[in-house]
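Visitor: TSV, C-alpha atoms, saved as query28.tsv, coming up:
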chain	number	residue	atom	x	y	z
J	1	MET	CA	0.00	0.00	0.00
J	2	LYS	CA	2.87	2.35	0.71
J	3	LEU	CA	4.05	1.82	-2.82
J	4	ALA	CA	0.67	2.45	-4.44
J	5	ARG	CA	0.87	6.23	-4.46
J	6	PRO	CA	4.41	6.56	-5.86
J	7	LEU	CA	3.60	3.84	-8.37
J	8	ALA	CA	0.50	5.71	-9.55
J	9	ALA	CA	2.53	8.89	-9.88
J	10	LEU	CA	5.12	7.03	-11.87
J	11	VAL	CA	2.51	5.59	-14.22
J	12	ALA	CA	0.93	9.02	-14.65
J	13	ALA	CA	4.30	10.54	-15.44
J	14	ALA	CA	5.00	7.80	-17.97
J	15	LEU	CA	1.62	8.36	-19.61
J	16	ALA	CA	2.23	12.08	-19.73
J	17	VAL	CA	5.58	11.52	-21.38
J	18	ALA	CA	4.02	9.11	-23.87
J	19	VAL	CA	1.00	11.22	-24.70
J	20	ALA	CA	2.62	14.65	-24.69
J	21	PRO	CA	4.34	14.34	-28.06
J	22	SER	CA	1.09	13.37	-29.85
J	23	LEU	CA	-0.76	16.23	-28.22
J	24	ALA	CA	1.95	18.67	-29.12
J	25	ARG	CA	2.02	17.33	-32.65
J	26	ALA	CA	-1.51	18.60	-33.26
J	27	ASP	CA	-0.31	22.17	-32.78
J	28	THR	CA	3.05	21.62	-34.37
J	29	PRO	CA	3.58	23.89	-37.37
J	30	ILE	CA	3.48	22.17	-40.73
J	31	SER	CA	6.31	22.88	-43.10
J	32	CYS	CA	5.08	24.00	-46.49
J	33	THR	CA	7.04	24.95	-49.58
J	34	VAL	CA	5.70	27.11	-52.39
J	35	LEU	CA	7.44	27.38	-55.73
J	36	GLU	CA	6.42	30.21	-58.06
J	37	ILE	CA	7.02	29.24	-61.64
J	38	ALA	CA	6.80	31.06	-64.94
J	39	ALA	CA	5.87	28.82	-67.85
J	40	SER	CA	6.45	29.79	-71.43
J	41	THR	CA	7.05	28.33	-74.82
J	42	THR	CA	10.44	28.91	-76.32
J	43	LYS	CA	12.40	27.46	-79.18
J	44	GLU	CA	15.05	25.98	-76.93
J	45	GLY	CA	12.94	25.01	-73.97
J	46	GLY	CA	14.42	24.62	-70.55
J	47	LEU	CA	13.90	23.70	-66.98
J	48	ALA	CA	15.39	25.45	-64.00
J	49	PRO	CA	17.61	23.10	-62.00
J	50	GLU	CA	15.57	23.86	-58.89
J	51	LEU	CA	12.51	22.47	-60.64
J	52	LYS	CA	14.09	19.14	-61.44
J	53	PRO	CA	12.01	17.32	-58.79
J	54	LEU	CA	8.88	18.58	-60.56
J	55	GLU	CA	10.03	17.70	-64.06
J	56	LYS	CA	7.80	14.65	-64.45
J	57	LYS	CA	4.76	16.70	-63.59
J	58	LEU	CA	5.72	19.63	-65.76
J	59	ARG	CA	6.15	17.35	-68.78
J	60	LYS	CA	2.58	16.06	-68.56
J	61	PRO	CA	-0.61	17.72	-69.81
J	62	PRO	CA	-1.86	20.29	-69.27
J	63	LEU	CA	1.49	21.68	-68.13
J	64	SER	CA	3.25	20.23	-71.13
J	65	SER	CA	1.66	23.06	-73.13
J	66	TRP	CA	4.84	24.94	-72.22
J	67	ASN	CA	8.40	23.79	-72.60
J	68	THR	CA	10.20	26.40	-70.56
J	69	PHE	CA	9.86	26.69	-66.81
J	70	LYS	CA	11.62	29.28	-64.73
J	71	LEU	CA	11.62	29.57	-61.00
J	72	LEU	CA	10.37	32.99	-59.96
J	73	GLY	CA	10.60	32.39	-56.27
J	74	ARG	CA	10.70	29.82	-53.55
J	75	GLN	CA	9.14	30.28	-50.15
J	76	SER	CA	9.05	27.97	-47.19
J	77	ALA	CA	6.83	28.59	-44.22
J	78	ASP	CA	5.81	26.77	-41.09
J	79	LEU	CA	2.06	27.09	-41.10
J	80	GLU	CA	-0.09	26.66	-38.05
J	81	PRO	CA	-3.51	25.12	-38.49
J	82	MET	CA	-6.32	27.61	-39.07
J	83	LYS	CA	-3.87	30.48	-39.31
J	84	ALA	CA	-3.73	32.07	-42.76
J	85	ALA	CA	-0.44	33.15	-44.23
J	86	THR	CA	0.02	35.62	-47.03
J	87	LEU	CA	2.78	34.95	-49.49
J	88	LYS	CA	4.13	37.78	-51.58
J	89	LEU	CA	4.72	36.55	-55.09
J	90	ALA	CA	6.62	37.91	-58.02
J	91	GLN	CA	3.30	38.19	-59.76
J	92	GLY	CA	0.60	38.93	-57.23
J	93	GLN	CA	0.12	37.22	-53.90
J	94	ALA	CA	-1.40	34.12	-52.34
J	95	GLN	CA	-3.08	33.23	-49.09
J	96	VAL	CA	-2.52	29.82	-47.65
J	97	MET	CA	-4.12	28.17	-44.64
J	98	ILE	CA	-3.94	24.68	-43.19
J	99	ARG	CA	-7.51	23.79	-42.33
J	100	ASP	CA	-6.91	20.42	-40.77
J	101	VAL	CA	-4.68	17.38	-40.67
J	102	ASP	CA	-6.20	13.93	-40.81
J	103	LYS	CA	-4.15	11.01	-39.60
J	104	ALA	CA	-6.15	7.94	-40.42
J	105	GLU	CA	-4.76	4.49	-39.73
J	106	GLY	CA	-3.19	2.92	-42.77
J	107	LYS	CA	-3.31	6.11	-44.80
J	108	LYS	CA	-0.89	8.89	-45.44
J	109	PRO	CA	-1.54	11.98	-43.32
J	110	ARG	CA	-3.98	14.18	-45.14
J	111	VAL	CA	-3.69	17.96	-45.18
J	112	GLY	CA	-6.71	20.18	-45.75
J	113	LEU	CA	-5.74	23.42	-47.48
J	114	SER	CA	-7.36	26.71	-48.36
J	115	LEU	CA	-5.71	28.58	-51.22
J	116	GLN	CA	-6.39	31.95	-52.74
J	117	MET	CA	-4.41	33.51	-55.53
J	118	ASP	CA	-4.52	37.16	-56.57
J	119	ASP	CA	-3.05	38.71	-59.66
J	120	PRO	CA	-0.64	41.64	-59.48
J	121	SER	CA	-3.56	44.06	-59.52
J	122	GLY	CA	-5.02	42.39	-56.47
J	123	LYS	CA	-7.87	40.72	-58.28
J	124	ARG	CA	-8.80	37.36	-56.91
J	125	VAL	CA	-8.06	34.75	-59.53
J	126	LEU	CA	-8.78	31.57	-57.65
J	127	ASP	CA	-10.22	30.44	-54.34
J	128	THR	CA	-10.21	26.76	-53.53
J	129	LYS	CA	-10.33	24.27	-50.73
J	130	LEU	CA	-8.80	20.90	-51.20
J	131	SER	CA	-7.12	18.09	-49.35
J	132	VAL	CA	-4.01	16.23	-50.38
J	133	ASP	CA	-1.69	13.68	-48.89
J	134	ALA	CA	1.20	15.19	-46.99
J	135	GLY	CA	4.19	15.46	-49.27
J	136	ASP	CA	2.17	15.49	-52.49
J	137	TYR	CA	2.20	18.57	-54.65
J	138	VAL	CA	-0.69	20.84	-55.48
J	139	VAL	CA	-0.30	23.02	-58.54
J	140	ILE	CA	-2.50	26.02	-59.13
J	141	GLY	CA	-2.05	28.35	-62.03
J	142	ARG	CA	-3.51	30.58	-64.64
J	143	THR	CA	-2.97	31.43	-68.24
J	144	LEU	CA	-1.65	34.90	-68.81
J	145	ALA	CA	-2.64	37.22	-71.60
J	146	ASN	CA	0.37	36.28	-73.70
J	147	ASN	CA	-0.45	32.60	-73.24
J	148	ASP	CA	2.37	32.14	-70.81
J	149	GLY	CA	1.60	30.38	-67.57
J	150	HIS	CA	1.93	31.41	-63.96
J	151	LEU	CA	2.09	28.49	-61.54
J	152	LEU	CA	2.29	27.88	-57.85
J	153	ALA	CA	3.45	24.42	-56.77
J	154	MET	CA	2.85	23.75	-53.09
J	155	SER	CA	3.70	20.83	-50.87
J	156	CYS	CA	3.29	20.38	-47.13
J	157	LYS	CA	5.07	17.91	-44.91
J	158	LEU	CA	4.38	16.97	-41.31
R	1	MET	CA	112.79	-41.34	54.54
R	2	PRO	CA	109.11	-42.37	54.56
R	3	THR	CA	107.49	-43.02	51.18
R	4	ARG	CA	104.72	-40.63	50.18
R	5	ASP	CA	101.22	-41.99	49.48
R	6	SER	CA	101.18	-40.36	46.06
R	7	ASP	CA	104.34	-42.25	45.12
R	8	LEU	CA	102.77	-45.43	46.34
R	9	MET	CA	99.61	-44.77	44.32
R	10	GLN	CA	101.64	-44.06	41.17
R	11	LEU	CA	103.61	-47.19	41.81
R	12	ALA	CA	100.47	-49.22	42.26
R	13	ASP	CA	98.94	-47.78	39.09
R	14	GLY	CA	102.14	-48.49	37.13
R	15	GLU	CA	102.61	-44.86	36.25
R	16	LEU	CA	106.31	-44.68	37.21
R	17	ASP	CA	109.12	-45.60	34.89
R	18	PRO	CA	110.52	-49.09	35.64
R	19	ALA	CA	113.81	-47.90	37.21
R	20	THR	CA	112.11	-45.51	39.62
R	21	ALA	CA	109.45	-48.09	40.37
R	22	ALA	CA	112.16	-50.72	41.15
R	23	ASP	CA	114.15	-48.30	43.40
R	24	LEU	CA	110.97	-47.15	45.19
R	25	GLU	CA	109.69	-50.67	45.72
R	26	ALA	CA	113.15	-51.85	46.98
R	27	GLY	CA	113.33	-49.04	49.53
R	28	LEU	CA	109.83	-49.54	50.95
R	29	ALA	CA	109.41	-50.04	54.64
R	30	PRO	CA	107.09	-52.84	55.86
R	31	ASP	CA	104.12	-50.54	56.36
R	32	GLY	CA	104.80	-49.04	52.94
R	33	ARG	CA	104.74	-52.50	51.47
R	34	ALA	CA	101.43	-53.18	53.25
R	35	LYS	CA	99.94	-49.98	51.79
R	36	LEU	CA	101.19	-50.85	48.32
R	37	ALA	CA	99.64	-54.31	48.58
R	38	ALA	CA	96.38	-52.79	49.82
R	39	LEU	CA	96.35	-50.28	46.95
R	40	ARG	CA	96.98	-53.03	44.40
R	41	ASP	CA	94.18	-55.12	45.87
R	42	LEU	CA	91.83	-52.18	45.78
R	43	ARG	CA	92.80	-51.43	42.20
R	44	GLU	CA	92.16	-54.99	41.14
R	45	ALA	CA	88.86	-55.00	42.92
R	46	VAL	CA	87.74	-51.77	41.20
R	47	ARG	CA	88.92	-52.94	37.80
R	48	GLY	CA	87.22	-56.30	38.25
R	49	HIS	CA	84.02	-54.59	39.20
R	50	LEU	CA	84.14	-52.23	36.22
R	51	GLU	CA	84.91	-55.04	33.83
R	52	LEU	CA	82.01	-56.99	35.25
R	53	ARG	CA	79.65	-54.03	34.73
R	54	ALA	CA	80.97	-53.55	31.24
R	55	ASP	CA	80.34	-57.15	30.41
R	56	GLU	CA	76.80	-56.80	31.71
R	57	ALA	CA	76.20	-53.68	29.56
R	58	GLU	CA	77.74	-55.18	26.43
R	59	PRO	CA	74.47	-56.40	24.80
R	60	ARG	CA	72.79	-53.02	25.29
R	61	LEU	CA	75.81	-51.16	23.96
R	62	VAL	CA	75.89	-53.38	20.88
R	63	GLY	CA	72.21	-52.45	20.08
R	64	MET	CA	72.92	-48.79	20.71
R	65	TRP	CA	75.88	-48.78	18.40
R	66	ALA	CA	73.82	-50.46	15.70
R	67	GLU	CA	71.22	-47.69	15.98
R	68	ILE	CA	73.93	-45.02	15.84
R	69	ASP	CA	75.45	-46.60	12.74
R	70	LYS	CA	72.05	-46.69	11.04
R	71	ARG	CA	71.36	-43.05	11.85
R	72	LEU	CA	74.77	-41.99	10.65
R	73	SER	CA	74.26	-43.83	7.37
R	74	LEU	CA	70.90	-42.09	6.82
R	75	ASP	CA	72.24	-38.60	7.53
R	76	ALA	CA	75.29	-39.04	5.38
R	77	PRO	CA	75.16	-37.52	1.81
R	78	PRO	CA	74.51	-40.06	-0.93
R	79	VAL	CA	77.59	-41.44	-2.45
R	80	ARG	CA	77.68	-40.45	-6.11
R	81	GLN	CA	78.60	-43.23	-8.32
R	82	PRO	CA	80.28	-42.65	-11.62
R	83	ALA	CA	77.72	-42.20	-14.42
R	84	GLY	CA	79.46	-44.65	-16.65
R	85	ARG	CA	79.17	-47.37	-14.08
R	86	THR	CA	75.44	-46.60	-13.62
R	87	ARG	CA	74.65	-46.63	-17.31
R	88	GLU	CA	76.50	-49.81	-17.72
R	89	ALA	CA	74.72	-51.30	-14.79
R	90	LYS	CA	71.20	-50.26	-15.83
R	91	PRO	CA	70.32	-48.64	-19.18
R	92	GLN	CA	67.86	-45.72	-18.78
R	93	GLY	CA	65.37	-44.00	-21.13
R	94	LEU	CA	65.64	-40.45	-22.40
R	95	TRP	CA	63.10	-39.10	-19.95
R	96	ALA	CA	64.75	-40.82	-17.04
R	97	ARG	CA	68.10	-39.44	-18.10
R	98	PHE	CA	66.61	-35.97	-18.50
R	99	ALA	CA	65.00	-36.19	-15.08
R	100	ARG	CA	68.26	-37.37	-13.67
R	101	TRP	CA	70.08	-34.49	-15.34
R	102	VAL	CA	67.53	-32.00	-13.99
R	103	ASP	CA	67.88	-33.56	-10.59
R	104	ASP	CA	71.64	-33.29	-10.77
R	105	HIS	CA	71.47	-29.67	-11.98
R	106	ARG	CA	68.53	-28.57	-9.89
R	107	SER	CA	70.10	-25.31	-8.81
R	108	HIS	CA	71.03	-24.36	-12.36
R	109	VAL	CA	67.57	-25.20	-13.64
R	110	LEU	CA	65.90	-23.22	-10.86
R	111	THR	CA	68.13	-20.24	-11.56
R	112	GLY	CA	67.29	-20.38	-15.25
R	113	VAL	CA	63.56	-20.65	-14.63
R	114	LEU	CA	63.59	-17.77	-12.19
R	115	SER	CA	65.61	-15.61	-14.60
R	116	ALA	CA	63.23	-16.35	-17.45
R	117	GLY	CA	60.25	-15.47	-15.23
R	118	ALA	CA	61.87	-12.20	-14.21
R	119	VAL	CA	62.54	-11.29	-17.84
R	120	ALA	CA	58.96	-12.11	-18.80
R	121	ALA	CA	57.64	-9.98	-15.92
R	122	LEU	CA	59.84	-7.08	-16.96
R	123	ALA	CA	58.67	-7.41	-20.56
R	124	LEU	CA	55.05	-7.30	-19.39
R	125	VAL	CA	55.60	-4.30	-17.14
R	126	LEU	CA	57.65	-2.28	-19.59
R	127	ARG	CA	55.58	-2.95	-22.70
R	128	PRO	CA	54.22	0.20	-24.40
R	129	GLN	CA	50.80	1.07	-23.02
R	130	ASP	CA	49.59	3.57	-25.60
R	131	ARG	CA	49.86	1.32	-28.58
R	132	LEU	CA	47.05	1.84	-31.05
R	133	VAL	CA	45.85	-1.05	-33.14
R	134	GLU	CA	43.74	-0.17	-36.08
R	135	LYS	CA	41.56	-2.80	-37.59
R	136	VAL	CA	39.43	-2.49	-40.64
R	137	VAL	CA	36.22	-4.40	-40.30
R	138	GLN	CA	33.87	-4.86	-43.15
R	139	VAL	CA	30.40	-4.24	-41.82
R	140	PRO	CA	27.48	-5.26	-43.97
R	141	VAL	CA	25.14	-2.41	-44.69
R	142	ALA	CA	22.00	-2.83	-42.69
R	143	VAL	CA	18.75	-1.84	-44.28
R	144	ALA	CA	16.61	0.08	-41.84
R	145	PRO	CA	13.20	-1.43	-41.39
R	146	THR	CA	10.34	0.69	-42.57
R	147	GLN	CA	8.31	-0.10	-39.51
R	148	ALA	CA	8.96	-0.56	-35.83
R	149	PRO	CA	10.41	-3.98	-35.02
R	150	GLY	CA	7.89	-6.39	-33.65
R	151	LYS	CA	4.97	-4.63	-35.28
R	152	PRO	CA	3.29	-5.93	-38.40
R	153	GLN	CA	4.09	-4.01	-41.54
R	154	VAL	CA	1.41	-1.43	-42.23
R	155	GLN	CA	0.62	-0.67	-45.85
R	156	VAL	CA	0.17	3.06	-46.11
R	157	VAL	CA	-2.40	3.95	-48.72
R	158	SER	CA	-2.25	7.13	-50.75
R	159	THR	CA	-5.43	9.03	-51.37
R	160	PRO	CA	-5.94	11.10	-54.50
R	161	PRO	CA	-6.22	14.83	-54.02
R	162	ALA	CA	-9.75	16.03	-53.57
R	163	VAL	CA	-10.96	19.50	-54.47
R	164	GLU	CA	-13.78	20.44	-52.18
R	165	SER	CA	-14.54	23.86	-53.60
R	166	LEU	CA	-13.30	26.06	-56.41
R	167	ASP	CA	-14.22	29.64	-57.18
R	168	VAL	CA	-12.77	31.32	-60.22
R	169	ALA	CA	-13.28	34.94	-61.11
R	170	GLY	CA	-13.46	35.90	-64.79
R	171	GLY	CA	-12.42	32.56	-66.16
R	172	THR	CA	-12.77	28.82	-66.15
R	173	GLY	CA	-11.35	26.48	-63.63
R	174	THR	CA	-10.16	23.04	-64.57
R	175	VAL	CA	-8.94	20.31	-62.28
R	176	TRP	CA	-6.52	17.60	-63.32
R	177	THR	CA	-4.80	14.88	-61.44
R	178	ILE	CA	-1.33	14.02	-62.61
R	179	GLU	CA	-0.06	10.67	-61.48
R	180	ASP	CA	3.58	9.69	-61.52
R	181	ASP	CA	6.12	7.80	-59.45
R	182	ASP	CA	6.05	10.45	-56.76
R	183	GLY	CA	2.32	10.24	-56.23
R	184	LYS	CA	-0.71	12.15	-57.41
R	185	THR	CA	-0.67	15.85	-58.04
R	186	ALA	CA	-3.74	18.03	-58.21
R	187	VAL	CA	-3.55	20.71	-60.88
R	188	ILE	CA	-6.10	23.49	-60.67
R	189	TRP	CA	-5.88	25.70	-63.69
R	190	VAL	CA	-7.61	28.97	-64.36
R	191	THR	CA	-8.14	30.08	-67.89
R	192	PRO	CA	-9.34	33.64	-68.30
R	193	ASP	CA	-12.41	34.03	-70.40
R	194	ASP	CA	-10.61	35.87	-73.11
R	195	THR	CA	-7.98	33.16	-73.54
R	196	VAL	CA	-10.13	30.06	-73.36
R	197	GLU	CA	-9.79	29.31	-76.98
R	198	GLY	CA	-6.04	29.69	-76.79
R	199	LEU	CA	-5.55	26.66	-74.59
Take the structure in the file and give it back as structure tokens.
Guide:
Amino acid sequence: MKLARPLAALVAAALAVAVAPSLARADTPISCTVLEIAASTTKEGGLAPELKPLEKKLRKPPLSSWNTFKLLGRQSADLEPMKAATLKLAQGQAQVMIRDVDKAEGKKPRVGLSLQMDDPSGKRVLDTKLSVDAGDYVVIGRTLANNDGHLLAMSCKL
Amino acid sequence: MPTRDSDLMQLADGELDPATAADLEAGLAPDGRAKLAALRDLREAVRGHLELRADEAEPRLVGMWAEIDKRLSLDAPPVRQPAGRTREAKPQGLWARFARWVDDHRSHVLTGVLSAGAVAALALVLRPQDRLVEKVVQVPVAVAPTQAPGKPQVQVVSTPPAVESLDVAGGTGTVWTIEDDDGKTAVIWVTPDDTVEGL
């Protein structure tokens, strides 16, 4: 009986140590990377070395309409859930927010995103909500007046 | 001149030279002669008694002397016989000869063994302590398990991207899913109204 109280405290401490990381993980910022890309069609074609990981995607329709891809900017941010972040772009700006993170058994963690993209004049071009597996890319973009493309490729990791 | 008792006793014991003894005995008075005879009788009686006692003790003395001889023979160092005589008398094997040699040179062998032990101890004590031995060991590359040991492997399933809502201003929104080795990528594309036909 004398040991019961210290033993209970020990078990509680062990549980706290075991549970604390998972609780903290819910509020842990999620690392997201946004690549701003200019797509165009040129005689030579070309791909920025920084975009090499995205090459397979950029060579498939509809993005294969262009053969030249330049990196306009790269931004990384640790986003907290339900806290919007505004990203200044070379051409306009974007708002990004992590809506939720779903960790279902046997599935990749799923990230719910809200994305808005404005053109350089501040006009809202796109407003979407979607969910993707953590680590997968989301590409949003628009066709410019000269038929060039303006892309944002975004990926979030836990 | 009266004869002294000491002269009579020497005469009776036969300790005087013959000429002196003859002169002394010839010049003895009657009482001197009586004393000399009494001394000689006493001497004979004592000698007879001692000889009798010696004869009685003879058997015991013989046993005692035998014991003394035995003890003396045991304590005496062994008499080394010439090796040639021994070999001729009884041929011995190599081991027996070696043992015999070691036995004969025990002190030399002990000295040698002790010297060798001292040298070995010195070599152990004075050996360099900070010696570094480098060994190259080929270690097979271990492949890290993808799941915790002891737990069954869990197949993680990918889910395609899902667009829940899409609002586009002044254009048309199109959603594609590009699938490659890296997974599935959602592409949301906005085509302004005035460039729809261009795409």
Visitor: For a quick test of understanding: name the residues of chain R lying within 12 Å of chain J when counting only C-alpha atoms, and present them as a PyMOL selection string.
Guide: chain R and resi 152-199
Visitor: Using all atoms listed in the file, list the residues that have an atom at most 12 Å from (104.1, -48.1, 42.3), coordinates as in the file, as a VMD selection string.
Guide: chain R and resid 3 to 28 32 to 33 35 to 40 43
Visitor: Only C-alpha atoms, please: the residues just picked out, written as a PDB file, keeping the file's coordinate frame.
Guide:
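Output (again.pdb):
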ATOM      1  CA  THR R   3     107.490 -43.020  51.180  1.00  0.00           C
ATOM      2  CA  ARG R   4     104.720 -40.630  50.180  1.00  0.00           C
ATOM      3  CA  ASP R   5     101.220 -41.990  49.480  1.00  0.00           C
ATOM      4  CA  SER R   6     101.180 -40.360  46.060  1.00  0.00           C
ATOM      5  CA  ASP R   7     104.340 -42.250  45.120  1.00  0.00           C
ATOM      6  CA  LEU R   8     102.770 -45.430  46.340  1.00  0.00           C
ATOM      7  CA  MET R   9      99.610 -44.770  44.320  1.00  0.00           C
ATOM      8  CA  GLN R  10     101.640 -44.060  41.170  1.00  0.00           C
ATOM      9  CA  LEU R  11     103.610 -47.190  41.810  1.00  0.00           C
ATOM     10  CA  ALA R  12     100.470 -49.220  42.260  1.00  0.00           C
ATOM     11  CA  ASP R  13      98.940 -47.780  39.090  1.00  0.00           C
ATOM     12  CA  GLY R  14     102.140 -48.490  37.130  1.00  0.00           C
ATOM     13  CA  GLU R  15     102.610 -44.860  36.250  1.00  0.00           C
ATOM     14  CA  LEU R  16     106.310 -44.680  37.210  1.00  0.00           C
ATOM     15  CA  ASP R  17     109.120 -45.600  34.890  1.00  0.00           C
ATOM     16  CA  PRO R  18     110.520 -49.090  35.640  1.00  0.00           C
ATOM     17  CA  ALA R  19     113.810 -47.900  37.210  1.00  0.00           C
ATOM     18  CA  THR R  20     112.110 -45.510  39.620  1.00  0.00           C
ATOM     19  CA  ALA R  21     109.450 -48.090  40.370  1.00  0.00           C
ATOM     20  CA  ALA R  22     112.160 -50.720  41.150  1.00  0.00           C
ATOM     21  CA  ASP R  23     114.150 -48.300  43.400  1.00  0.00           C
ATOM     22  CA  LEU R  24     110.970 -47.150  45.190  1.00  0.00           C
ATOM     23  CA  GLU R  25     109.690 -50.670  45.720  1.00  0.00           C
ATOM     24  CA  ALA R  26     113.150 -51.850  46.980  1.00  0.00           C
ATOM     25  CA  GLY R  27     113.330 -49.040  49.530  1.00  0.00           C
ATOM     26  CA  LEU R  28     109.830 -49.540  50.950  1.00  0.00           C
ATOM     27  CA  GLY R  32     104.800 -49.040  52.940  1.00  0.00           C
ATOM     28  CA  ARG R  33     104.740 -52.500  51.470  1.00  0.00           C
ATOM     29  CA  LYS R  35      99.940 -49.980  51.790  1.00  0.00           C
ATOM     30  CA  LEU R  36     101.190 -50.850  48.320  1.00  0.00           C
ATOM     31  CA  ALA R  37      99.640 -54.310  48.580  1.00  0.00           C
ATOM     32  CA  ALA R  38      96.380 -52.790  49.820  1.00  0.00           C
ATOM     33  CA  LEU R  39      96.350 -50.280  46.950  1.00  0.00           C
ATOM     34  CA  ARG R  40      96.980 -53.030  44.400  1.00  0.00           C
ATOM     35  CA  ARG R  43      92.800 -51.430  42.200  1.00  0.00           C
TER      36      ARG R  43
END
Visitor: Quick one, how far is atom CA of J:Thr28 from atom CA of J:Pro81?
Guide: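 Taking atom CA of J:Thr28 as the start and atom CA of J:Pro81 as the end point, the length is 8.5 Å.
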Visitor: Give me, please, the distance in Å between atom CA of J:Ala48 and atom CA of J:Gly122, quoted to one decimal.
Guide: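 According to the coordinates, atom CA of J:Ala48 and atom CA of J:Gly122 are separated by 27.6 Å.
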Visitor: Please work out which residues fall within 10 Å of (2.1, 33.4, -44.3), coordinates as given in the file, with all atoms listed in the file counting, and return them as a list in words.
Guide: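 Taken together, the residues in range are Gln75, Ser76, Ala77, Asp78, Leu79, Glu80, Lys83, Ala84, Ala85, Thr86, Leu87, Lys88, Ala94, Gln95, Val96 and Met97 of chain J.
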Visitor: What is the distance, in Å and to one decimal place, between atom CA of J:Cys156 and atom CA of J:Glu50?
Guide: 17.4 Å
